[in-house]
file final_15.cif (mmCIF, C-alpha atoms and all ligand atoms)
data_model
#
loop_
_atom_site.label_atom_id
_atom_site.label_comp_id
_atom_site.auth_asym_id
_atom_site.auth_seq_id
_atom_site.Cartn_x
_atom_site.Cartn_y
_atom_site.Cartn_z
CA ALA A 4 -30.35 31.65 41.91
CA LYS A 5 -27.16 32.08 39.89
CA ASP A 6 -27.17 32.03 36.08
CA PRO A 7 -25.76 28.80 34.66
CA VAL A 8 -22.11 28.75 33.57
CA ARG A 9 -21.40 27.05 30.25
CA VAL A 10 -18.52 24.58 30.46
CA LEU A 11 -16.99 23.01 27.35
CA VAL A 12 -15.28 19.63 27.57
CA THR A 13 -13.58 18.48 24.36
CA GLY A 14 -12.77 14.79 23.95
CA ALA A 15 -15.78 14.22 26.18
CA ALA A 16 -16.34 10.65 24.94
CA GLY A 17 -12.86 9.63 26.14
CA GLN A 18 -11.80 8.26 29.50
CA ILE A 19 -10.99 11.53 31.22
CA GLY A 20 -14.18 13.02 29.80
CA TYR A 21 -16.22 10.21 31.29
CA ALA A 22 -14.78 10.89 34.75
CA LEU A 23 -14.88 14.67 34.39
CA VAL A 24 -18.39 15.48 33.19
CA PRO A 25 -20.17 14.01 36.24
CA MET A 26 -17.83 15.95 38.53
CA ILE A 27 -18.71 19.18 36.75
CA ALA A 28 -22.42 18.36 36.85
CA ARG A 29 -22.19 17.70 40.60
CA GLY A 30 -20.63 21.06 41.36
CA VAL A 31 -17.13 19.78 42.10
CA MET A 32 -15.59 22.26 39.66
CA LEU A 33 -17.55 25.45 40.22
CA GLY A 34 -19.30 24.96 43.55
CA ALA A 35 -22.40 23.32 44.93
CA ASP A 36 -24.53 26.42 44.26
CA GLN A 37 -23.44 27.01 40.67
CA PRO A 38 -25.74 25.67 37.90
CA VAL A 39 -23.94 24.51 34.76
CA ILE A 40 -24.67 23.78 31.12
CA LEU A 41 -22.29 21.17 29.70
CA HIS A 42 -21.01 21.48 26.13
CA MET A 43 -19.39 18.24 24.98
CA LEU A 44 -17.34 17.94 21.80
CA ASP A 45 -15.85 14.87 20.19
CA ILE A 46 -15.10 13.70 16.65
CA PRO A 47 -17.52 11.83 14.36
CA PRO A 48 -16.18 8.28 15.05
CA ALA A 49 -17.02 8.91 18.74
CA ALA A 50 -20.40 10.56 18.12
CA GLU A 51 -22.46 7.57 19.23
CA ALA A 52 -20.42 7.07 22.40
CA LEU A 53 -20.73 10.79 23.09
CA ASN A 54 -24.48 10.53 22.82
CA GLY A 55 -24.33 7.64 25.30
CA VAL A 56 -22.54 9.91 27.78
CA LYS A 57 -25.28 12.49 27.27
CA MET A 58 -27.91 9.82 27.98
CA GLU A 59 -26.16 8.93 31.24
CA LEU A 60 -26.00 12.59 32.26
CA VAL A 61 -29.76 12.78 31.77
CA ASP A 62 -30.21 9.53 33.71
CA ALA A 63 -28.14 10.82 36.64
CA ALA A 64 -30.65 13.67 37.15
CA PHE A 65 -28.04 16.12 38.47
CA PRO A 66 -29.89 19.03 40.09
CA LEU A 67 -27.24 21.57 38.98
CA LEU A 68 -27.19 20.45 35.35
CA LYS A 69 -29.35 22.84 33.33
CA GLY A 70 -28.56 21.56 29.84
CA VAL A 71 -26.28 19.37 27.75
CA VAL A 72 -24.97 20.06 24.27
CA ALA A 73 -23.31 17.00 22.69
CA THR A 74 -21.88 17.67 19.26
CA THR A 75 -19.13 17.00 16.74
CA ASP A 76 -19.30 20.59 15.49
CA ALA A 77 -16.59 22.74 17.10
CA ILE A 78 -18.47 25.99 16.53
CA GLU A 79 -21.65 24.72 18.16
CA ALA A 80 -19.55 23.34 21.03
CA CYS A 81 -17.67 26.60 21.63
CA THR A 82 -20.60 28.99 21.37
CA GLY A 83 -21.10 31.01 24.52
CA VAL A 84 -18.80 28.94 26.75
CA ASN A 85 -17.35 30.55 29.87
CA ILE A 86 -14.91 27.74 30.68
CA ALA A 87 -13.22 25.45 28.15
CA VAL A 88 -11.50 22.25 29.25
CA MET A 89 -9.60 20.88 26.27
CA VAL A 90 -9.17 17.13 26.76
CA GLY A 91 -9.49 16.06 23.13
CA GLY A 92 -6.38 15.43 21.11
CA PHE A 93 -4.48 12.99 19.00
CA PRO A 94 -2.74 10.32 21.10
CA ARG A 95 0.75 9.07 20.40
CA LYS A 96 0.46 5.61 18.91
CA GLU A 97 3.16 3.00 18.80
CA GLY A 98 5.74 3.61 16.12
CA MET A 99 4.65 7.20 15.50
CA GLU A 100 7.25 9.94 15.21
CA ARG A 101 7.03 12.84 17.66
CA LYS A 102 6.71 15.22 14.77
CA ASP A 103 3.67 13.39 13.36
CA VAL A 104 1.83 13.51 16.69
CA MET A 105 2.77 17.16 17.12
CA SER A 106 1.54 17.96 13.66
CA LYS A 107 -1.89 16.40 14.30
CA ASN A 108 -2.28 18.27 17.57
CA VAL A 109 -1.09 21.56 16.14
CA SER A 110 -3.79 21.38 13.50
CA ILE A 111 -6.46 20.45 16.09
CA TYR A 112 -5.45 23.27 18.46
CA LYS A 113 -5.13 25.80 15.68
CA SER A 114 -8.67 25.21 14.48
CA GLN A 115 -10.20 24.95 17.96
CA ALA A 116 -8.42 28.20 18.89
CA SER A 117 -10.31 29.98 16.11
CA ALA A 118 -13.62 28.43 17.11
CA LEU A 119 -13.11 29.55 20.71
CA GLU A 120 -11.89 33.00 19.77
CA LYS A 121 -14.90 33.66 17.55
CA HIS A 122 -17.65 31.98 19.54
CA ALA A 123 -16.79 31.64 23.24
CA ALA A 124 -18.08 34.11 25.84
CA VAL A 125 -15.96 37.16 26.57
CA ASN A 126 -13.28 36.35 29.15
CA CYS A 127 -13.57 32.59 28.61
CA LYS A 128 -11.02 30.69 30.72
CA VAL A 129 -9.22 27.86 28.95
CA LEU A 130 -7.53 24.79 30.46
CA VAL A 131 -5.64 22.46 28.11
CA VAL A 132 -5.31 18.89 29.39
CA ALA A 133 -4.48 17.02 26.17
CA ASN A 134 -0.82 16.26 25.54
CA PRO A 135 1.55 17.82 24.75
CA ALA A 136 -0.43 20.05 27.13
CA ASN A 137 1.92 23.05 27.39
CA THR A 138 2.55 23.25 23.67
CA ASN A 139 -1.09 22.66 22.71
CA ALA A 140 -1.93 25.60 24.99
CA LEU A 141 0.75 27.71 23.34
CA ILE A 142 -0.66 26.97 19.87
CA LEU A 143 -4.14 27.78 21.14
CA LYS A 144 -2.85 31.09 22.46
CA GLU A 145 -1.11 31.96 19.20
CA PHE A 146 -4.22 31.30 17.13
CA ALA A 147 -6.67 33.00 19.47
CA PRO A 148 -4.97 36.38 19.79
CA SER A 149 -8.10 38.14 21.03
CA ILE A 150 -8.40 35.84 24.06
CA PRO A 151 -6.27 37.44 26.81
CA GLU A 152 -3.09 35.37 27.20
CA GLU A 153 -3.65 35.04 30.94
CA ASN A 154 -6.87 33.13 30.15
CA ILE A 155 -4.99 30.26 28.51
CA THR A 156 -3.47 27.66 30.83
CA CYS A 157 -2.50 24.00 30.91
CA LEU A 158 -2.87 21.27 33.51
CA THR A 159 0.04 20.49 35.82
CA ARG A 160 -2.20 20.26 38.88
CA LEU A 161 -2.27 16.48 38.57
CA ASP A 162 1.52 16.45 38.94
CA HIS A 163 1.20 18.90 41.84
CA ASN A 164 -1.35 16.67 43.55
CA ARG A 165 0.82 13.61 42.92
CA ALA A 166 3.67 15.40 44.69
CA LEU A 167 1.43 16.18 47.68
CA GLY A 168 0.35 12.54 47.72
CA GLN A 169 3.92 11.22 47.74
CA ILE A 170 4.91 13.47 50.65
CA SER A 171 1.80 12.50 52.57
CA GLU A 172 2.60 8.80 52.13
CA ARG A 173 6.27 9.22 52.98
CA LEU A 174 5.68 11.22 56.17
CA ASN A 175 2.49 9.40 57.09
CA VAL A 176 0.51 12.64 57.35
CA GLN A 177 -2.82 13.66 55.84
CA VAL A 178 -2.53 15.00 52.32
CA SER A 179 -4.68 17.96 53.36
CA ASP A 180 -1.94 18.96 55.81
CA VAL A 181 0.72 19.19 53.06
CA LYS A 182 1.00 22.30 50.88
CA ASN A 183 3.13 24.47 48.64
CA VAL A 184 4.95 21.92 46.55
CA ILE A 185 5.76 23.25 43.08
CA ILE A 186 5.75 21.70 39.64
CA TRP A 187 8.03 23.70 37.37
CA GLY A 188 7.97 23.51 33.59
CA ASN A 189 6.57 20.95 31.22
CA HIS A 190 3.90 18.34 31.91
CA SER A 191 6.37 15.65 30.85
CA SER A 192 9.13 13.64 32.46
CA THR A 193 11.40 16.73 32.50
CA GLN A 194 9.06 18.54 34.91
CA TYR A 195 10.69 19.51 38.19
CA PRO A 196 8.65 18.57 41.28
CA ASP A 197 10.13 20.82 43.96
CA ALA A 198 9.46 20.40 47.68
CA THR A 199 12.01 23.00 48.81
CA HIS A 200 9.30 25.35 50.09
CA ALA A 201 6.63 22.77 50.97
CA THR A 202 5.27 22.58 54.50
CA VAL A 203 3.25 20.23 56.69
CA ASN A 204 0.68 21.33 59.20
CA THR A 205 1.58 19.53 62.46
CA PRO A 206 0.20 19.79 66.02
CA ALA A 207 3.32 21.91 66.72
CA GLY A 208 2.57 24.29 63.83
CA GLU A 209 3.74 24.49 60.25
CA LYS A 210 7.03 22.68 59.53
CA PRO A 211 9.11 22.58 56.36
CA VAL A 212 8.94 19.20 54.63
CA ARG A 213 12.76 19.28 54.44
CA GLU A 214 12.95 19.20 58.25
CA LEU A 215 10.54 16.30 58.56
CA VAL A 216 11.99 14.02 55.92
CA ALA A 217 14.68 12.10 57.76
CA ASP A 218 16.46 11.04 54.58
CA ASP A 219 17.21 14.35 52.90
CA GLN A 220 18.33 12.63 49.70
CA TRP A 221 14.83 11.29 49.07
CA LEU A 222 13.52 14.74 48.10
CA ASN A 223 16.29 15.19 45.54
CA THR A 224 16.03 11.72 44.04
CA GLU A 225 13.18 9.24 44.40
CA PHE A 226 10.52 11.86 45.14
CA ILE A 227 11.30 13.66 41.89
CA THR A 228 11.45 10.57 39.69
CA THR A 229 8.34 9.01 41.24
CA VAL A 230 6.28 12.11 40.44
CA GLN A 231 7.82 12.45 36.97
CA GLN A 232 7.11 8.78 36.17
CA ARG A 233 3.75 8.44 37.90
CA GLY A 234 1.76 8.57 34.67
CA ALA A 235 3.72 5.62 33.29
CA ALA A 236 3.27 3.70 36.56
CA ILE A 237 -0.52 4.15 36.34
CA ILE A 238 -0.53 2.90 32.75
CA LYS A 239 1.47 -0.15 33.81
CA ALA A 240 -0.97 -0.94 36.63
CA ARG A 241 -4.26 -0.08 34.95
CA LYS A 242 -3.36 -0.74 31.32
CA LEU A 243 -5.01 2.65 30.83
CA SER A 244 -3.73 6.14 31.58
CA SER A 245 -4.79 8.23 34.58
CA ALA A 246 -8.37 9.35 34.31
CA LEU A 247 -10.07 9.92 37.66
CA SER A 248 -7.05 11.75 39.07
CA ALA A 249 -6.72 13.83 35.90
CA ALA A 250 -10.41 14.75 35.99
CA SER A 251 -10.30 15.61 39.70
CA SER A 252 -7.18 17.74 39.23
CA ALA A 253 -8.76 19.58 36.30
CA CYS A 254 -11.65 20.48 38.64
CA ASP A 255 -9.13 21.66 41.27
CA HIS A 256 -7.38 23.83 38.67
CA ILE A 257 -10.54 25.59 37.51
CA ARG A 258 -12.08 25.85 40.98
CA ASP A 259 -9.02 27.53 42.46
CA TRP A 260 -8.65 29.82 39.43
CA VAL A 261 -12.28 30.96 39.56
CA LEU A 262 -12.94 30.89 43.32
CA GLY A 263 -9.42 31.62 44.60
CA THR A 264 -6.68 29.74 46.43
CA PRO A 265 -6.80 29.61 50.25
CA GLU A 266 -4.69 32.23 52.04
CA GLY A 267 -1.07 31.08 52.27
CA THR A 268 -1.48 28.24 49.79
CA TRP A 269 -0.14 28.11 46.28
CA VAL A 270 -0.80 25.67 43.46
CA SER A 271 0.88 24.82 40.15
CA MET A 272 -0.54 25.98 36.81
CA GLY A 273 0.91 26.02 33.32
CA VAL A 274 0.73 29.69 32.32
CA TYR A 275 2.23 32.03 29.75
CA SER A 276 5.69 32.88 31.02
CA ASP A 277 6.47 36.53 31.72
CA GLY A 278 10.15 35.83 32.39
CA SER A 279 9.71 35.21 36.14
CA TYR A 280 12.55 33.09 37.61
CA ASN A 281 14.47 33.69 34.36
CA VAL A 282 12.24 31.27 32.51
CA PRO A 283 12.21 32.41 28.87
CA SER A 284 9.06 34.35 28.05
CA GLY A 285 6.84 33.02 25.32
CA LEU A 286 6.49 29.51 26.75
CA ILE A 287 3.57 27.96 28.60
CA TYR A 288 5.46 26.89 31.72
CA SER A 289 4.23 25.58 35.06
CA PHE A 290 4.78 27.98 37.95
CA PRO A 291 3.62 28.30 41.55
CA VAL A 292 0.62 30.65 41.57
CA THR A 293 -2.03 32.04 43.83
CA CYS A 294 -5.46 33.00 42.49
CA LYS A 295 -7.80 35.78 43.50
CA ASN A 296 -10.85 37.33 41.80
CA GLY A 297 -10.48 34.98 38.84
CA GLU A 298 -6.85 35.89 38.16
CA TRP A 299 -3.66 33.97 38.84
CA SER A 300 -0.36 35.51 39.77
CA ILE A 301 3.04 33.87 39.96
CA ILE A 302 4.57 33.67 43.46
CA GLN A 303 7.64 35.88 43.37
CA GLY A 304 10.89 35.87 45.29
CA LEU A 305 11.36 32.17 46.09
CA SER A 306 15.00 31.22 46.45
CA ILE A 307 16.27 28.93 43.69
CA ASP A 308 19.46 27.00 44.48
CA GLU A 309 21.80 25.59 41.85
CA PHE A 310 20.20 22.14 41.92
CA SER A 311 16.80 23.67 41.21
CA ARG A 312 18.17 26.16 38.66
CA ASN A 313 19.48 23.35 36.48
CA LYS A 314 16.15 21.57 36.62
CA LEU A 315 14.17 24.72 35.80
CA ASP A 316 16.42 25.30 32.79
CA LEU A 317 16.28 21.73 31.56
CA THR A 318 12.49 21.63 31.35
CA ALA A 319 12.45 25.12 29.76
CA LYS A 320 14.85 23.85 27.12
CA GLU A 321 12.54 20.95 26.33
CA LEU A 322 9.61 23.36 26.00
CA SER A 323 11.58 25.60 23.63
CA GLU A 324 12.34 22.56 21.49
CA GLU A 325 8.68 21.51 21.51
CA LYS A 326 7.75 25.05 20.50
CA ASP A 327 10.18 24.92 17.56
CA LEU A 328 8.82 21.53 16.52
CA ALA A 329 5.24 22.84 16.72
CA TYR A 330 6.14 25.88 14.59
CA SER A 331 7.88 23.66 12.04
CA CYS A 332 4.54 21.81 11.69
CA LEU A 333 2.82 25.06 10.76
CA SER A 334 4.84 25.78 7.68
P1 LIG B 1 -8.96 9.19 25.30
O1 LIG B 1 -8.29 8.72 24.05
O2 LIG B 1 -9.73 8.23 26.12
O3 LIG B 1 -9.96 10.39 24.92
C1 LIG B 1 -9.61 11.41 24.05
C2 LIG B 1 -10.87 11.80 23.30
O4 LIG B 1 -10.56 12.92 22.47
C3 LIG B 1 -11.42 10.69 22.39
O5 LIG B 1 -12.79 10.49 22.66
C4 LIG B 1 -11.19 11.28 21.00
O6 LIG B 1 -12.20 10.86 20.06
C5 LIG B 1 -11.30 12.77 21.28
N1 LIG B 1 -10.73 13.61 20.23
C6 LIG B 1 -9.72 13.36 19.37
N2 LIG B 1 -9.54 14.39 18.53
C7 LIG B 1 -10.45 15.33 18.86
C8 LIG B 1 -10.78 16.59 18.34
N3 LIG B 1 -10.12 17.10 17.30
N4 LIG B 1 -11.78 17.29 18.93
C9 LIG B 1 -12.47 16.76 19.97
N5 LIG B 1 -12.21 15.56 20.49
C10 LIG B 1 -11.22 14.85 19.94
O7 LIG B 1 -7.83 9.91 26.15
P2 LIG B 1 -7.86 10.32 27.70
O8 LIG B 1 -7.28 9.24 28.50
O9 LIG B 1 -9.19 10.84 28.04
O10 LIG B 1 -6.78 11.51 27.69
C11 LIG B 1 -7.03 12.72 27.03
C12 LIG B 1 -5.77 13.55 26.92
O11 LIG B 1 -5.31 13.94 28.22
C13 LIG B 1 -4.60 12.84 26.26
O12 LIG B 1 -3.98 13.74 25.35
C14 LIG B 1 -3.68 12.54 27.43
O13 LIG B 1 -2.33 12.41 27.01
C15 LIG B 1 -3.90 13.76 28.28
N6 LIG B 1 -3.52 13.68 29.69
C16 LIG B 1 -3.02 14.79 30.28
C17 LIG B 1 -2.75 14.86 31.63
C18 LIG B 1 -2.27 16.12 32.26
O14 LIG B 1 -1.99 16.10 33.46
N7 LIG B 1 -2.12 17.24 31.56
C19 LIG B 1 -2.87 13.65 32.49
C20 LIG B 1 -3.82 12.63 31.94
C21 LIG B 1 -3.75 12.44 30.44
O15 LIG B 1 -2.69 11.55 30.14
#

call {"tool": "encode", "arguments": {"input": "final_15.cif", "output": "structure tokens"}}
result
Amino acid sequence: AKDPVRVLVTGAAGQIGYALVPMIARGVMLGADQPVILHMLDIPPAAEALNGVKMELVDAAFPLLKGVVATTDAIEACTGVNIAVMVGGFPRKEGMERKDVMSKNVSIYKSQASALEKHAAVNCKVLVVANPANTNALILKEFAPSIPEENITCLTRLDHNRALGQISERLNVQVSDVKNVIIWGNHSSTQYPDATHATVNTPAGEKPVRELVADDQWLNTEFITTVQQRGAAIIKARKLSSALSAASSACDHIRDWVLGTPEGTWVSMGVYSDGSYNVPSGLIYSFPVTCKNGEWSIIQGLSIDEFSRNKLDLTAKELSEEKDLAYSCLS
């Protein structure tokens, strides 16, 4: 039998946490043969609720779940973890300035970076979900210099999956037959959902989405805005933000990173930019990647037309501004 993998979930008493921890305990994230030990962190006002989640995990009697740590102590939570899914953060409340929210999250991610750097297992893989996801990941990277930068990522897989879902609905095909959409940039409304290179598996072989969509304008207009605004549409419908889809996508992100992407398929991940596609280096930016042996690599050589170029630059510009704002909160 395999040794258990220790998986940290921060913000585990929140809504995404509640959807995510049972998925991890069932093997959705790391595989049906991989035992896990869950480490759950939240803050003292949520301690009792967190303990309730722990009670339910015990009650569910998951065969793969070999232990549960539920704590409000970041050091205890981070000790020995192999995977860290950072869902905890300070939400934007009505009337709050952007700078105030940023400042709260910068201080959270700065201190959790140190706890992870000092106490996590060697080669711990980190996924930041909490918003502003890209910039929280960047702060985490800056304050955990001994964690390899390629181990620090943020979640744009939900946006990627939303894009697959929209194409599947539009073309009336199975979502599992659609692949290779791309989310470029920030997990925010400036992200660029790009279907230029996406394909559909049809009985006649693989076809570009562009050939199958009768109304070519749709891909350059409504498709993009629907994916960009999907989070807001969910809030409007549910009166709560996305949770099950966020949790499921976080599992997809880690599973593909650890176990590899299928041959010929790429996915979107927010990763530390190396200057590929002339995206400024030093940002956590979402790119198309493939994964193998626990490492991601950015797909190279895709053609970028002028329409796409402008959109790649726009979301990079927003990320640079967020970075400046985050740094201004440090001083
Ligand atoms: P909730 O407010 O339900 O849960 C957040 C939890 O984090 C709470 O239990 C809170 O007590 C805890 N928390 C706050 N500060 C903490 C700290 N310093 N350490 C540990 N825990 C802390 O929010 P939920 O709906 O679960 O969303 C969580 C985060 O995911 C939010 O920042 C949200 O904006 C972000 N999202 C990101 C998505 C993505 O695709 N990247 C999509 C879904 C989601 O909107």

call {"tool": "residues_near_ligand", "arguments": {"input": "final_15.cif", "ligand": "ligand LIG 1 (chain B)", "cutoff": "8 Å", "atoms": "only C-alpha atoms and all ligand atoms", "output": "number ranges by chain"}}
result
A: 13-21, 44-49, 53, 75, 77, 90-94, 108, 111-112, 115, 131-136, 157-162, 190, 234, 243-246, 248-249, 252

call {"tool": "write_last_selection", "arguments": {"input": "final_15.cif", "atoms": "C-alpha atoms", "output": "CSV table (one decimal), in the coordinates of the input"}}
result
chain,number,residue,atom,x,y,z
A,13,THR,CA,-13.6,18.5,24.4
A,14,GLY,CA,-12.8,14.8,24.0
A,15,ALA,CA,-15.8,14.2,26.2
A,16,ALA,CA,-16.3,10.6,24.9
A,17,GLY,CA,-12.9,9.6,26.1
A,18,GLN,CA,-11.8,8.3,29.5
A,19,ILE,CA,-11.0,11.5,31.2
A,20,GLY,CA,-14.2,13.0,29.8
A,21,TYR,CA,-16.2,10.2,31.3
A,44,LEU,CA,-17.3,17.9,21.8
A,45,ASP,CA,-15.8,14.9,20.2
A,46,ILE,CA,-15.1,13.7,16.6
A,47,PRO,CA,-17.5,11.8,14.4
A,48,PRO,CA,-16.2,8.3,15.0
A,49,ALA,CA,-17.0,8.9,18.7
A,53,LEU,CA,-20.7,10.8,23.1
A,75,THR,CA,-19.1,17.0,16.7
A,77,ALA,CA,-16.6,22.7,17.1
A,90,VAL,CA,-9.2,17.1,26.8
A,91,GLY,CA,-9.5,16.1,23.1
A,92,GLY,CA,-6.4,15.4,21.1
A,93,PHE,CA,-4.5,13.0,19.0
A,94,PRO,CA,-2.7,10.3,21.1
A,108,ASN,CA,-2.3,18.3,17.6
A,111,ILE,CA,-6.5,20.4,16.1
A,112,TYR,CA,-5.4,23.3,18.5
A,115,GLN,CA,-10.2,25.0,18.0
A,131,VAL,CA,-5.6,22.5,28.1
A,132,VAL,CA,-5.3,18.9,29.4
A,133,ALA,CA,-4.5,17.0,26.2
A,134,ASN,CA,-0.8,16.3,25.5
A,135,PRO,CA,1.6,17.8,24.8
A,136,ALA,CA,-0.4,20.0,27.1
A,157,CYS,CA,-2.5,24.0,30.9
A,158,LEU,CA,-2.9,21.3,33.5
A,159,THR,CA,0.0,20.5,35.8
A,160,ARG,CA,-2.2,20.3,38.9
A,161,LEU,CA,-2.3,16.5,38.6
A,162,ASP,CA,1.5,16.4,38.9
A,190,HIS,CA,3.9,18.3,31.9
A,234,GLY,CA,1.8,8.6,34.7
A,243,LEU,CA,-5.0,2.6,30.8
A,244,SER,CA,-3.7,6.1,31.6
A,245,SER,CA,-4.8,8.2,34.6
A,246,ALA,CA,-8.4,9.4,34.3
A,248,SER,CA,-7.0,11.8,39.1
A,249,ALA,CA,-6.7,13.8,35.9
A,252,SER,CA,-7.2,17.7,39.2

call {"tool": "axis_aligned_box", "arguments": {"input": "final_15.cif", "around": "region 185-192 of chain A", "padding_each_side": "6 Å", "output": "lines of an AutoDock Vina configuration file"}}
result
center_x = 6.5
center_y = 18.7
center_z = 37.0
size_x = 17.2
size_y = 22.1
size_z = 24.2

call {"tool": "residues_around", "arguments": {"input": "final_15.cif", "residues": "region 322-325 of chain A", "least_positions_apart": "2", "cutoff": "8 Å", "atoms": "all atoms listed in the file", "output": "PyMOL selection string"}}
result
chain A and resi 137-138+188-189+286+288+318-320+327-329

call {"tool": "atom_distance", "arguments": {"input": "final_15.cif", "atom1": "CA of Cys332 (chain A)", "atom2": "CA of Tyr195 (chain A)"}}
result
27.3 Å

call {"tool": "closest_residue", "arguments": {"input": "final_15.cif", "among": "A:Glu145, A:Asp259, A:Glu59, A:Glu100", "to": "Asn296 (chain A)", "atoms": "only C-alpha atoms"}}
result
A:Asp259

call {"tool": "residues_around", "arguments": {"input": "final_15.cif", "residues": "Glu120 (chain A)", "least_positions_apart": "4", "cutoff": "10 Å", "atoms": "only C-alpha atoms", "output": "list in words"}}
result
Cys81, Thr82, Ser114, Gln115, Ala116, Ala124, Val125, Cys127, Leu143, Lys144, Phe146, Ala147, Pro148, Ser149 and Ile150 of chain A

call {"tool": "write_last_selection", "arguments": {"input": "final_15.cif", "atoms": "C-alpha atoms", "output": "JSON list (two decimals), in the frame of the given file"}}
result
[["chain", "number", "residue", "atom", "x", "y", "z"],
["A", 81, "CYS", "CA", -17.67, 26.60, 21.63],
["A", 82, "THR", "CA", -20.60, 28.99, 21.37],
["A", 114, "SER", "CA", -8.67, 25.21, 14.48],
["A", 115, "GLN", "CA", -10.20, 24.95, 17.96],
["A", 116, "ALA", "CA", -8.42, 28.20, 18.89],
["A", 124, "ALA", "CA", -18.08, 34.11, 25.84],
["A", 125, "VAL", "CA", -15.96, 37.16, 26.57],
["A", 127, "CYS", "CA", -13.57, 32.59, 28.61],
["A", 143, "LEU", "CA", -4.14, 27.78, 21.14],
["A", 144, "LYS", "CA", -2.85, 31.09, 22.46],
["A", 146, "PHE", "CA", -4.22, 31.30, 17.13],
["A", 147, "ALA", "CA", -6.67, 33.00, 19.47],
["A", 148, "PRO", "CA", -4.97, 36.38, 19.79],
["A", 149, "SER", "CA", -8.10, 38.14, 21.03],
["A", 150, "ILE", "CA", -8.40, 35.84, 24.06]]

call {"tool": "residues_around", "arguments": {"input": "final_15.cif", "residues": "Gly263 (chain A)", "least_positions_apart": "6", "cutoff": "12 Å", "atoms": "only C-alpha atoms", "output": "PDB file with C-alpha atoms, in the coordinates of the input"}}
result
ATOM      1  CA  LEU A  33     -17.550  25.450  40.220  1.00  0.00           C
ATOM      2  CA  GLY A  34     -19.300  24.960  43.550  1.00  0.00           C
ATOM      3  CA  ASP A 255      -9.130  21.660  41.270  1.00  0.00           C
ATOM      4  CA  HIS A 256      -7.380  23.830  38.670  1.00  0.00           C
ATOM      5  CA  ILE A 257     -10.540  25.590  37.510  1.00  0.00           C
ATOM      6  CA  TRP A 269      -0.140  28.110  46.280  1.00  0.00           C
ATOM      7  CA  VAL A 270      -0.800  25.670  43.460  1.00  0.00           C
ATOM      8  CA  VAL A 292       0.620  30.650  41.570  1.00  0.00           C
ATOM      9  CA  THR A 293      -2.030  32.040  43.830  1.00  0.00           C
ATOM     10  CA  CYS A 294      -5.460  33.000  42.490  1.00  0.00           C
ATOM     11  CA  LYS A 295      -7.800  35.780  43.500  1.00  0.00           C
ATOM     12  CA  ASN A 296     -10.850  37.330  41.800  1.00  0.00           C
ATOM     13  CA  GLY A 297     -10.480  34.980  38.840  1.00  0.00           C
ATOM     14  CA  GLU A 298      -6.850  35.890  38.160  1.00  0.00           C
ATOM     15  CA  TRP A 299      -3.660  33.970  38.840  1.00  0.00           C
ATOM     16  CA  SER A 300      -0.360  35.510  39.770  1.00  0.00           C
TER      17      SER A 300
END

call {"tool": "closest_residue", "arguments": {"input": "final_15.cif", "among": "A:Ile78, A:Ile307, A:Ala235, A:Leu247", "to": "Leu23 (chain A)", "atoms": "only C-alpha atoms"}}
result
A:Leu247

call {"tool": "residues_around", "arguments": {"input": "final_15.cif", "residues": "Phe226 (chain A)", "least_positions_apart": "2", "cutoff": "9 Å", "atoms": "all atoms listed in the file", "output": "ChimeraX atom specification"}}
result
/A:166,169-170,196,198,221-224,228-231

call {"tool": "build_atoms", "arguments": {"input": "final_15.cif", "residues": "region 172-181 of chain A", "atoms": "N, CA and C atoms", "output": "CSV table (one decimal), in the coordinates of the input"}}
result
chain,number,residue,atom,x,y,z
A,172,GLU,N,2.3,10.2,51.9
A,172,GLU,CA,2.6,8.8,52.1
A,172,GLU,C,3.9,8.6,52.9
A,173,ARG,N,4.9,9.4,52.4
A,173,ARG,CA,6.3,9.2,53.0
A,173,ARG,C,6.3,9.6,54.5
A,174,LEU,N,5.6,10.7,54.8
A,174,LEU,CA,5.7,11.2,56.2
A,174,LEU,C,4.5,10.7,57.0
A,175,ASN,N,3.7,9.9,56.4
A,175,ASN,CA,2.5,9.4,57.1
A,175,ASN,C,1.7,10.5,57.7
A,176,VAL,N,1.4,11.5,56.9
A,176,VAL,CA,0.5,12.6,57.4
A,176,VAL,C,-0.6,12.8,56.4
A,177,GLN,N,-1.7,13.5,56.7
A,177,GLN,CA,-2.8,13.7,55.8
A,177,GLN,C,-2.4,14.6,54.7
A,178,VAL,N,-2.9,14.2,53.5
A,178,VAL,CA,-2.5,15.0,52.3
A,178,VAL,C,-3.0,16.4,52.5
A,179,SER,N,-4.1,16.6,53.2
A,179,SER,CA,-4.7,18.0,53.4
A,179,SER,C,-3.8,18.8,54.3
A,180,ASP,N,-2.9,18.2,55.0
A,180,ASP,CA,-1.9,19.0,55.8
A,180,ASP,C,-0.6,19.3,55.1
A,181,VAL,N,-0.5,18.9,53.8
A,181,VAL,CA,0.7,19.2,53.1
A,181,VAL,C,0.4,20.3,52.1
